[in-house]
Amino acid sequence: IEACLQAAKAGLLGMRWDLLCPRCQVGKQSTLALDQLPTGAHCPSCNIDYGQNFSENLELAFHPSRSIRLVDGREYCLFGPMSTPHVKVQLTVEPGESRSEAIDLTPGTYRLRTLEPGDEVSVQFETGGFPEVIAEGDRLGAGEPGEPGAVTFHNRSARRLTFMIEELGWRRDALTAHRVTTLQAFRDLFDEQLLRPGDDVDIDHVTIMFTDLKGSTALYEAIGDSQAYHLVREHFAVLGKAVRENNGSIVKTIGDAIMASFADPLDGLKCGIQIHRDFEIFNANSGRVPVTIKLGLHVGRCISVTLNNRLDYYGSAANKAARLEGQSLGGDIVFSEEFARDPAVVPLVAELKAECDETALKGFEEPVPFYRVSQDTLLAWRR
């Protein structure tokens, strides 16, 4: 991704934002800049209107620059297998008919629907038989697992239906707006890519990190303003390196603190671990007053806005992450219960033996549970 971003900056590649149809996954509206995005689009192929979702259907796409090579971008066949590779089955079944088709589907997440307007159902398929697909009246559902290597369709409605099974794994590979705007390389290279002033977009799953320098006031008094200032600048460089190497971006600095964002909670937790290890090395080599970092993490819903000519985050996730950083003792990692329960981090949280606690946080009516990985645990982990 960084290679493509650098190539776009150098003029070797062009890039555009595609507003993808949630059904056929084809971009029906494209713009060159975030501040030109429409709020929605119409897909004539699927005959649906749909909105913009930063995390799901707004994708950054790259293509060869016209100065390098002309590429014919026309679509010759909408339903060709390379146009809609996520569509694994499309089968028409008459009213009252049941049909079984031989097909081996790989484990993953699938969406069941009909070509006609109606219900949609998501299923997680692991092993064995794929669930039977049942249309009854105006409802669509997943039944019991059928025979391995085949899928059975039951049309118990009064009309002819075209069943569809779509694999949703493409979402892992799509370079969504949410994913790319949490990369430091994008913010460094394309800081002009901003939302329109006054616009905001909902992001339902973003990891926010806040860090702060423990005892910074005492540090300034101990070594003087000039030396402390240079030490703080060096500490920002260490933080920036760790954030970038873990697929995150620094959203802003606030005094001696930073706010960083990550699309994947696991990247955020790995970054927190790396930060403390990097500062252990930094302190050993600096020959100056040791630097200790306080660190808090939370994952949840935010809105992305343009503020002070940068993409920023506001909302409950940002507020909670900032409050949790205040519970850090320094050298440890503090994170929310929501973060600890995210499937991406559960195995690592268990391995780190995080301890649960709760406290009253400003702005929250009830005591807030949180987890702490102590400094001793981090120092001993995987030595």
# chains A, B, ... in the order shown; residues from 1 in each chain; ligands from 1
call {"tool": "closest_atom_pairs", "arguments": {"of": "stretch 221-313 of chain A", "to": "stretch 343-364 of chain A", "cutoff": "12 Å", "atoms": "only C-alpha atoms", "output": "tab-separated table"}}
result
residue	atom	partner	partner_atom	distance
A:Ala263	CA	A:Ala344	CA	11.3
A:Asp264	CA	A:Ala344	CA	7.7
A:Pro265	CA	A:Ala344	CA	6.5
A:Leu266	CA	A:Val345	CA	5.2
A:Asp267	CA	A:Val345	CA	9.0
A:Gly268	CA	A:Val345	CA	9.4
A:Leu269	CA	A:Val345	CA	7.6
A:Lys270	CA	A:Leu348	CA	9.1
A:Ile273	CA	A:Leu352	CA	10.3
A:Leu297	CA	A:Val345	CA	11.9
A:His298	CA	A:Val345	CA	11.8
A:Val299	CA	A:Val345	CA	11.0
call {"tool": "write_last_selection", "arguments": {"atoms": "C-alpha atoms", "output": "PDB file, in the first residue's frame"}}
result
ATOM      1  CA  ALA A 263      -7.879   0.150  11.775  1.00  0.00           C
ATOM      2  CA  ASP A 264      -7.002  -3.155  13.530  1.00  0.00           C
ATOM      3  CA  PRO A 265      -7.089  -3.380  17.362  1.00  0.00           C
ATOM      4  CA  LEU A 266      -4.285  -5.959  17.307  1.00  0.00           C
ATOM      5  CA  ASP A 267      -2.010  -3.423  15.619  1.00  0.00           C
ATOM      6  CA  GLY A 268      -2.816  -0.980  18.412  1.00  0.00           C
ATOM      7  CA  LEU A 269      -1.919  -3.466  21.151  1.00  0.00           C
ATOM      8  CA  LYS A 270       1.296  -4.527  19.402  1.00  0.00           C
ATOM      9  CA  ILE A 273       4.066  -3.176  23.539  1.00  0.00           C
ATOM     10  CA  LEU A 297      -6.411   2.104  24.258  1.00  0.00           C
ATOM     11  CA  HIS A 298     -10.076   1.810  23.327  1.00  0.00           C
ATOM     12  CA  VAL A 299     -11.986   0.556  20.296  1.00  0.00           C
TER      13      VAL A 299
END
call {"tool": "residues_around", "arguments": {"residues": "A:Ile250", "least_positions_apart": "2", "cutoff": "10 Å", "atoms": "only C-alpha atoms", "output": "list of chain:residue names"}}
result
A:Thr182, A:Leu183, A:Gln184, A:Arg187, A:Asp188, A:Ile208, A:Met209, A:Phe210, A:Phe236, A:Leu239, A:Gly240, A:Val243, A:Arg244, A:Gly248, A:Lys252, A:Thr253, A:Ile258, A:Met259, A:Ala260, A:Ser261, A:Phe262, A:Asp312
call {"tool": "write_last_selection", "arguments": {"atoms": "N, CA, C and O atoms", "output": "short mmCIF file (atom, residue, chain, number, x, y, z; two decimals), in the first residue's frame"}}
result
data_model
loop_
_atom_site.label_atom_id
_atom_site.label_comp_id
_atom_site.auth_asym_id
_atom_site.auth_seq_id
_atom_site.Cartn_x
_atom_site.Cartn_y
_atom_site.Cartn_z
N THR A 182 -5.97 5.64 8.37
CA THR A 182 -5.26 5.34 9.62
C THR A 182 -3.80 4.98 9.38
O THR A 182 -3.10 4.60 10.32
N LEU A 183 -3.33 5.10 8.13
CA LEU A 183 -1.93 4.84 7.81
C LEU A 183 -1.15 6.15 7.81
O LEU A 183 -1.57 7.14 7.20
N GLN A 184 -0.02 6.16 8.49
CA GLN A 184 0.79 7.37 8.58
C GLN A 184 1.27 7.83 7.21
O GLN A 184 1.35 9.03 6.94
N ARG A 187 -1.32 10.00 5.53
CA ARG A 187 -1.42 11.34 6.13
C ARG A 187 -0.20 12.20 5.77
O ARG A 187 -0.33 13.41 5.58
N ASP A 188 0.96 11.57 5.68
CA ASP A 188 2.17 12.33 5.35
C ASP A 188 2.18 12.77 3.89
O ASP A 188 2.58 13.90 3.58
N ILE A 208 -8.39 3.75 19.07
CA ILE A 208 -7.78 5.03 19.42
C ILE A 208 -6.78 4.80 20.55
O ILE A 208 -7.07 4.12 21.54
N MET A 209 -5.59 5.36 20.40
CA MET A 209 -4.55 5.30 21.43
C MET A 209 -4.20 6.72 21.88
O MET A 209 -4.04 7.61 21.05
N PHE A 210 -4.08 6.90 23.18
CA PHE A 210 -3.52 8.13 23.74
C PHE A 210 -2.29 7.77 24.56
O PHE A 210 -2.30 6.77 25.29
N PHE A 236 8.79 12.03 20.64
CA PHE A 236 7.78 11.97 19.59
C PHE A 236 8.27 11.14 18.40
O PHE A 236 7.48 10.42 17.76
N LEU A 239 7.82 7.47 19.29
CA LEU A 239 6.41 7.12 19.21
C LEU A 239 5.96 7.00 17.75
O LEU A 239 5.27 6.05 17.38
N GLY A 240 6.36 7.97 16.92
CA GLY A 240 5.96 7.95 15.51
C GLY A 240 6.46 6.72 14.78
O GLY A 240 5.73 6.14 13.97
N VAL A 243 4.27 3.70 15.88
CA VAL A 243 2.92 3.80 15.32
C VAL A 243 2.93 3.42 13.85
O VAL A 243 2.10 2.63 13.38
N ARG A 244 3.88 3.96 13.11
CA ARG A 244 3.93 3.69 11.66
C ARG A 244 4.24 2.22 11.40
O ARG A 244 3.65 1.61 10.50
N GLY A 248 -0.44 2.20 11.93
CA GLY A 248 -1.28 3.25 12.49
C GLY A 248 -0.83 4.62 12.01
O GLY A 248 0.08 4.76 11.18
N LYS A 252 -2.75 13.55 16.03
CA LYS A 252 -2.32 14.88 16.48
C LYS A 252 -1.48 14.73 17.74
O LYS A 252 -1.49 13.67 18.40
N THR A 253 -0.74 15.77 18.05
CA THR A 253 -0.03 15.85 19.32
C THR A 253 -0.72 16.90 20.18
O THR A 253 -1.23 17.90 19.67
N ILE A 258 0.23 12.16 22.50
CA ILE A 258 -0.20 11.94 21.13
C ILE A 258 -1.54 11.22 21.14
O ILE A 258 -1.88 10.52 22.09
N MET A 259 -2.27 11.42 20.05
CA MET A 259 -3.46 10.63 19.75
C MET A 259 -3.16 9.90 18.45
O MET A 259 -2.78 10.52 17.46
N ALA A 260 -3.31 8.56 18.47
CA ALA A 260 -3.04 7.75 17.29
C ALA A 260 -4.26 6.89 16.99
O ALA A 260 -5.08 6.61 17.88
N SER A 261 -4.38 6.45 15.74
CA SER A 261 -5.50 5.61 15.34
C SER A 261 -5.01 4.40 14.57
O SER A 261 -3.98 4.45 13.89
N PHE A 262 -5.79 3.30 14.67
CA PHE A 262 -5.47 2.05 14.00
C PHE A 262 -6.77 1.44 13.48
O PHE A 262 -7.80 1.49 14.16
N ASP A 312 -9.49 14.27 11.79
CA ASP A 312 -9.48 14.07 13.24
C ASP A 312 -10.65 13.16 13.62
O ASP A 312 -11.54 12.90 12.81
#
call {"tool": "closest_atom_pairs", "arguments": {"of": "stretch 247-322 of chain A", "to": "stretch 38-57 of chain A", "cutoff": "12 Å", "atoms": "only C-alpha atoms", "output": "JSON lines"}}
result
{"residue": "A:Ala263", "atom": "CA", "partner": "A:Ser55", "partner_atom": "CA", "distance": 9.2}
{"residue": "A:Asp264", "atom": "CA", "partner": "A:Ser55", "partner_atom": "CA", "distance": 11.8}
{"residue": "A:Arg301", "atom": "CA", "partner": "A:Ser55", "partner_atom": "CA", "distance": 11.1}
{"residue": "A:Cys302", "atom": "CA", "partner": "A:Phe54", "partner_atom": "CA", "distance": 11.3}
{"residue": "A:Ile303", "atom": "CA", "partner": "A:Phe54", "partner_atom": "CA", "distance": 10.0}
{"residue": "A:Ser304", "atom": "CA", "partner": "A:Phe54", "partner_atom": "CA", "distance": 9.1}
{"residue": "A:Val305", "atom": "CA", "partner": "A:Phe54", "partner_atom": "CA", "distance": 11.8}
call {"tool": "residues_around", "arguments": {"residues": "A:Asn283", "least_positions_apart": "4", "cutoff": "12 Å", "atoms": "only C-alpha atoms", "output": "list in words"}}
result
Leu231, Glu234, His235, Val238, His276, Arg277, Asp278, Phe279, Gly287, Arg288, Val289, Pro290, Val291, Thr292 and Ile293 of chain A
call {"tool": "write_last_selection", "arguments": {"atoms": "all heavy atoms", "output": "compact mmCIF listing (two decimals), in the first residue's frame"}}
result
# COMPACT_ATOMS: atom_id res chain seq x y z
N LEU A 231 14.26 16.66 24.41
CA LEU A 231 13.95 15.30 24.81
C LEU A 231 12.53 14.92 24.39
O LEU A 231 12.29 13.80 23.91
CB LEU A 231 14.11 15.14 26.32
CG LEU A 231 13.93 13.72 26.89
CD1 LEU A 231 14.92 12.75 26.25
CD2 LEU A 231 14.09 13.73 28.41
N GLU A 234 12.48 14.19 20.68
CA GLU A 234 13.02 12.86 20.40
C GLU A 234 12.02 11.77 20.79
O GLU A 234 11.91 10.75 20.10
CB GLU A 234 14.34 12.67 21.16
CG GLU A 234 15.47 13.53 20.63
CD GLU A 234 16.74 13.38 21.45
OE1 GLU A 234 16.83 12.39 22.22
OE2 GLU A 234 17.64 14.23 21.34
N HIS A 235 11.29 12.01 21.87
CA HIS A 235 10.30 11.02 22.32
C HIS A 235 9.15 10.91 21.30
O HIS A 235 8.63 9.83 21.04
CB HIS A 235 9.82 11.38 23.73
CG HIS A 235 8.37 11.56 23.93
ND1 HIS A 235 7.70 12.73 23.60
CD2 HIS A 235 7.41 10.73 24.43
CE1 HIS A 235 6.43 12.62 23.89
NE2 HIS A 235 6.21 11.41 24.39
N VAL A 238 10.31 8.54 18.54
CA VAL A 238 10.21 7.13 18.93
C VAL A 238 8.76 6.65 18.82
O VAL A 238 8.48 5.57 18.30
CB VAL A 238 10.74 6.92 20.36
CG1 VAL A 238 10.56 5.46 20.80
CG2 VAL A 238 12.22 7.30 20.45
N HIS A 276 6.81 0.62 24.68
CA HIS A 276 7.52 0.46 25.95
C HIS A 276 8.88 -0.18 25.74
O HIS A 276 9.86 0.19 26.41
CB HIS A 276 6.67 -0.36 26.91
CG HIS A 276 5.48 0.39 27.43
ND1 HIS A 276 5.57 1.66 27.94
CD2 HIS A 276 4.16 0.04 27.51
CE1 HIS A 276 4.37 2.07 28.32
NE2 HIS A 276 3.50 1.11 28.06
N ARG A 277 8.99 -1.13 24.81
CA ARG A 277 10.29 -1.75 24.55
C ARG A 277 11.24 -0.77 23.89
O ARG A 277 12.44 -0.75 24.20
CB ARG A 277 10.09 -2.98 23.67
CG ARG A 277 9.40 -4.11 24.42
CD ARG A 277 9.38 -5.37 23.62
NE ARG A 277 8.91 -6.47 24.45
CZ ARG A 277 8.71 -7.70 24.02
NH1 ARG A 277 8.93 -7.99 22.76
NH2 ARG A 277 8.29 -8.64 24.84
N ASP A 278 10.73 0.05 22.97
CA ASP A 278 11.59 1.03 22.30
C ASP A 278 12.11 2.07 23.29
O ASP A 278 13.25 2.52 23.18
CB ASP A 278 10.83 1.71 21.17
CG ASP A 278 10.64 0.80 19.95
OD1 ASP A 278 11.22 -0.30 19.95
OD2 ASP A 278 9.91 1.20 19.03
N PHE A 279 11.27 2.44 24.26
CA PHE A 279 11.73 3.43 25.24
C PHE A 279 12.69 2.82 26.25
O PHE A 279 13.52 3.54 26.83
CB PHE A 279 10.54 4.09 25.94
CG PHE A 279 10.03 5.28 25.17
CD1 PHE A 279 8.88 5.17 24.40
CD2 PHE A 279 10.71 6.48 25.18
CE1 PHE A 279 8.42 6.25 23.66
CE2 PHE A 279 10.26 7.56 24.45
CZ PHE A 279 9.11 7.45 23.69
N GLY A 287 21.50 8.50 27.96
CA GLY A 287 22.36 9.13 28.96
C GLY A 287 21.69 10.28 29.67
O GLY A 287 22.36 11.10 30.32
N ARG A 288 20.36 10.37 29.57
CA ARG A 288 19.62 11.46 30.21
C ARG A 288 18.55 10.89 31.14
O ARG A 288 18.50 9.68 31.38
CB ARG A 288 18.99 12.35 29.14
CG ARG A 288 20.04 13.18 28.40
CD ARG A 288 19.40 14.03 27.33
NE ARG A 288 18.94 13.24 26.20
CZ ARG A 288 18.48 13.77 25.08
NH1 ARG A 288 18.39 15.08 24.95
NH2 ARG A 288 18.09 13.00 24.09
N VAL A 289 17.72 11.77 31.64
CA VAL A 289 16.64 11.35 32.53
C VAL A 289 15.76 10.33 31.81
O VAL A 289 15.34 10.58 30.67
CB VAL A 289 15.80 12.56 32.98
CG1 VAL A 289 14.63 12.10 33.85
CG2 VAL A 289 16.67 13.56 33.73
N PRO A 290 15.47 9.17 32.42
CA PRO A 290 14.63 8.17 31.76
C PRO A 290 13.24 8.71 31.45
O PRO A 290 12.67 9.50 32.21
CB PRO A 290 14.57 7.02 32.77
CG PRO A 290 15.74 7.22 33.67
CD PRO A 290 15.96 8.70 33.73
N VAL A 291 12.70 8.27 30.32
CA VAL A 291 11.37 8.67 29.87
C VAL A 291 10.41 7.51 30.13
O VAL A 291 10.71 6.37 29.77
CB VAL A 291 11.37 9.03 28.37
CG1 VAL A 291 9.95 9.20 27.86
CG2 VAL A 291 12.18 10.30 28.14
N THR A 292 9.28 7.80 30.75
CA THR A 292 8.26 6.78 31.02
C THR A 292 6.95 7.20 30.34
O THR A 292 6.52 8.35 30.46
CB THR A 292 8.02 6.60 32.53
OG1 THR A 292 9.26 6.26 33.15
CG2 THR A 292 7.01 5.48 32.79
N ILE A 293 6.32 6.24 29.64
CA ILE A 293 5.13 6.54 28.86
C ILE A 293 3.89 5.97 29.51
O ILE A 293 3.86 4.80 29.94
CB ILE A 293 5.26 5.97 27.43
CG1 ILE A 293 6.50 6.53 26.74
CG2 ILE A 293 4.00 6.26 26.60
CD1 ILE A 293 6.48 8.03 26.55
call {"tool": "atom_distance", "arguments": {"atom1": "atom CA of A:Val89", "atom2": "atom CA of A:Ile165"}}
result
5.0 Å
call {"tool": "closest_residue", "arguments": {"among": "A:Ser83, A:Arg74, A:Val373, A:Val232", "to": "A:Leu219", "atoms": "only C-alpha atoms"}}
result
A:Val232
call {"tool": "closest_residue", "arguments": {"among": "A:Leu32, A:Val368, A:Ile333, A:Leu195", "to": "A:Lys320", "atoms": "only C-alpha atoms"}}
result
A:Val368
call {"tool": "closest_atom_pairs", "arguments": {"of": "stretch 23-111 of chain A", "to": "stretch 119-122 of chain A", "cutoff": "8 Å", "atoms": "only C-alpha atoms", "output": "JSON lines"}}
result
{"residue": "A:Thr109", "atom": "CA", "partner": "A:Ser122", "partner_atom": "CA", "distance": 7.0}
{"residue": "A:Tyr110", "atom": "CA", "partner": "A:Ser122", "partner_atom": "CA", "distance": 5.6}
{"residue": "A:Arg111", "atom": "CA", "partner": "A:Ser122", "partner_atom": "CA", "distance": 4.4}
call {"tool": "closest_residue", "arguments": {"among": "A:Leu12, A:Ala135, A:Leu311, A:Leu295", "to": "A:Ser249", "atoms": "only C-alpha atoms"}}
result
A:Leu311
call {"tool": "atom_distance", "arguments": {"atom1": "atom CA of A:Gly108", "atom2": "atom CA of A:Glu59"}}
result
21.5 Å
call {"tool": "select_by_dssp", "arguments": {"residues": "stretch 186-295 of chain A", "states": "helix (DSSP H, G or I)", "output": "PyMOL selection string"}}
result
chain A and resi 186-189+216-223+225-245+265-286
call {"tool": "select_by_dssp", "arguments": {"residues": "stretch 4-212 of chain A", "states": "strand (DSSP E or B)", "output": "mmCIF file with C-alpha atoms, in the first residue's frame"}}
result
data_model
loop_
_atom_site.group_PDB
_atom_site.id
_atom_site.type_symbol
_atom_site.label_atom_id
_atom_site.label_comp_id
_atom_site.auth_asym_id
_atom_site.auth_seq_id
_atom_site.Cartn_x
_atom_site.Cartn_y
_atom_site.Cartn_z
ATOM 1 C CA LEU A 13 -0.081 5.921 -10.511
ATOM 2 C CA GLY A 14 -3.353 7.758 -10.393
ATOM 3 C CA MET A 15 -5.795 7.211 -7.566
ATOM 4 C CA ARG A 16 -9.509 7.660 -7.064
ATOM 5 C CA TRP A 17 -12.180 7.059 -4.441
ATOM 6 C CA ASP A 18 -14.831 4.534 -5.524
ATOM 7 C CA LEU A 19 -18.236 4.394 -3.849
ATOM 8 C CA LEU A 20 -18.937 0.669 -4.178
ATOM 9 C CA GLY A 27 -17.931 1.484 -8.063
ATOM 10 C CA LYS A 28 -20.866 3.527 -9.354
ATOM 11 C CA GLN A 29 -19.514 6.913 -8.303
ATOM 12 C CA SER A 30 -15.855 7.936 -8.374
ATOM 13 C CA THR A 31 -14.057 11.116 -7.279
ATOM 14 C CA GLY A 40 -24.825 8.164 -1.832
ATOM 15 C CA ALA A 41 -25.287 6.646 -5.270
ATOM 16 C CA HIS A 42 -27.634 4.535 -7.379
ATOM 17 C CA CYS A 43 -26.671 1.179 -8.879
ATOM 18 C CA ILE A 48 -30.796 0.008 -5.443
ATOM 19 C CA ASP A 49 -29.889 3.328 -3.847
ATOM 20 C CA TYR A 50 -27.130 3.139 -1.246
ATOM 21 C CA GLY A 51 -25.199 5.430 1.048
ATOM 22 C CA LEU A 58 -15.649 3.639 0.110
ATOM 23 C CA GLU A 59 -12.465 2.288 -1.462
ATOM 24 C CA LEU A 60 -9.219 3.899 -2.596
ATOM 25 C CA ALA A 61 -8.216 2.467 -5.997
ATOM 26 C CA PHE A 62 -4.984 2.876 -7.937
ATOM 27 C CA HIS A 63 -4.459 2.773 -11.707
ATOM 28 C CA PRO A 64 -1.571 3.506 -14.102
ATOM 29 C CA VAL A 87 -20.526 -14.117 -6.244
ATOM 30 C CA LYS A 88 -20.098 -17.869 -5.752
ATOM 31 C CA VAL A 89 -23.624 -19.051 -6.654
ATOM 32 C CA GLN A 90 -26.410 -17.498 -8.727
ATOM 33 C CA LEU A 91 -29.226 -19.973 -9.322
ATOM 34 C CA THR A 92 -32.873 -19.541 -10.365
ATOM 35 C CA VAL A 93 -35.367 -21.824 -8.592
ATOM 36 C CA SER A 98 -35.829 -27.563 -4.212
ATOM 37 C CA ARG A 99 -32.446 -27.864 -5.918
ATOM 38 C CA SER A 100 -29.062 -29.079 -4.801
ATOM 39 C CA GLU A 101 -25.919 -27.957 -6.601
ATOM 40 C CA ALA A 102 -22.419 -29.376 -6.180
ATOM 41 C CA GLY A 108 -15.426 -17.849 5.571
ATOM 42 C CA THR A 109 -18.275 -15.361 5.861
ATOM 43 C CA TYR A 110 -21.043 -15.507 3.249
ATOM 44 C CA ARG A 111 -24.134 -13.459 2.454
ATOM 45 C CA LEU A 112 -27.316 -15.209 1.338
ATOM 46 C CA ARG A 113 -29.846 -13.200 -0.661
ATOM 47 C CA THR A 114 -31.989 -13.230 -3.764
ATOM 48 C CA GLU A 120 -30.261 -10.815 3.410
ATOM 49 C CA VAL A 121 -28.607 -13.262 5.811
ATOM 50 C CA SER A 122 -24.935 -13.552 6.780
ATOM 51 C CA VAL A 123 -23.527 -16.942 7.797
ATOM 52 C CA GLN A 124 -20.133 -18.005 9.108
ATOM 53 C CA PHE A 125 -19.134 -21.259 7.426
ATOM 54 C CA PRO A 131 -26.452 -24.374 5.552
ATOM 55 C CA GLU A 132 -29.485 -24.949 3.350
ATOM 56 C CA VAL A 133 -30.898 -21.735 1.869
ATOM 57 C CA ILE A 134 -34.646 -21.407 2.444
ATOM 58 C CA ALA A 135 -37.037 -18.824 1.027
ATOM 59 C CA GLU A 136 -40.470 -18.936 2.602
ATOM 60 C CA ARG A 139 -38.425 -14.255 4.232
ATOM 61 C CA LEU A 140 -35.019 -15.773 3.553
ATOM 62 C CA GLY A 141 -33.132 -17.867 6.063
ATOM 63 C CA ALA A 142 -30.322 -20.353 6.644
ATOM 64 C CA GLY A 143 -31.372 -23.894 7.571
ATOM 65 C CA GLU A 144 -29.508 -26.939 8.841
ATOM 66 C CA PRO A 145 -26.151 -27.935 7.311
ATOM 67 C CA ALA A 150 -23.150 -29.189 -2.111
ATOM 68 C CA VAL A 151 -25.654 -26.437 -1.363
ATOM 69 C CA THR A 152 -29.417 -27.013 -1.279
ATOM 70 C CA PHE A 153 -31.940 -24.276 -2.112
ATOM 71 C CA HIS A 154 -35.640 -24.414 -1.147
ATOM 72 C CA ASN A 155 -38.038 -21.979 -2.790
ATOM 73 C CA LEU A 161 -36.458 -16.553 -7.195
ATOM 74 C CA THR A 162 -32.805 -16.263 -8.121
ATOM 75 C CA PHE A 163 -30.715 -17.247 -5.110
ATOM 76 C CA MET A 164 -27.253 -15.782 -4.580
ATOM 77 C CA ILE A 165 -24.377 -16.729 -2.298
ATOM 78 C CA GLU A 166 -21.682 -14.065 -1.963
ATOM 79 C CA GLU A 167 -18.361 -14.431 -0.207
ATOM 80 C CA THR A 176 -11.312 1.271 2.546
ATOM 81 C CA ASP A 200 -18.504 14.138 9.196
ATOM 82 C CA VAL A 201 -18.566 10.383 8.641
ATOM 83 C CA ASP A 202 -19.418 7.634 11.103
ATOM 84 C CA ILE A 203 -16.766 4.987 11.740
ATOM 85 C CA ASP A 204 -18.117 2.153 13.837
ATOM 86 C CA HIS A 205 -14.863 0.332 14.631
ATOM 87 C CA VAL A 206 -11.699 2.369 15.138
ATOM 88 C CA THR A 207 -8.920 1.860 17.684
ATOM 89 C CA ILE A 208 -7.776 5.027 19.425
ATOM 90 C CA MET A 209 -4.552 5.303 21.434
ATOM 91 C CA PHE A 210 -3.524 8.127 23.739
ATOM 92 C CA THR A 211 -0.053 8.397 25.253
ATOM 93 C CA ASP A 212 1.459 10.922 27.638
#
call {"tool": "atom_distance", "arguments": {"atom1": "atom CA of A:Tyr220", "atom2": "atom CA of A:Ser374"}}
result
26.4 Å
call {"tool": "closest_residue", "arguments": {"among": "A:Leu34, A:Ala284, A:Leu213, A:Val71", "to": "A:Leu194", "atoms": "only C-alpha atoms"}}
result
A:Leu34
call {"tool": "closest_residue", "arguments": {"among": "A:Gln193, A:Gln227, A:Asn247, A:Ser65", "to": "A:Arg179", "atoms": "only C-alpha atoms"}}
result
A:Asn247
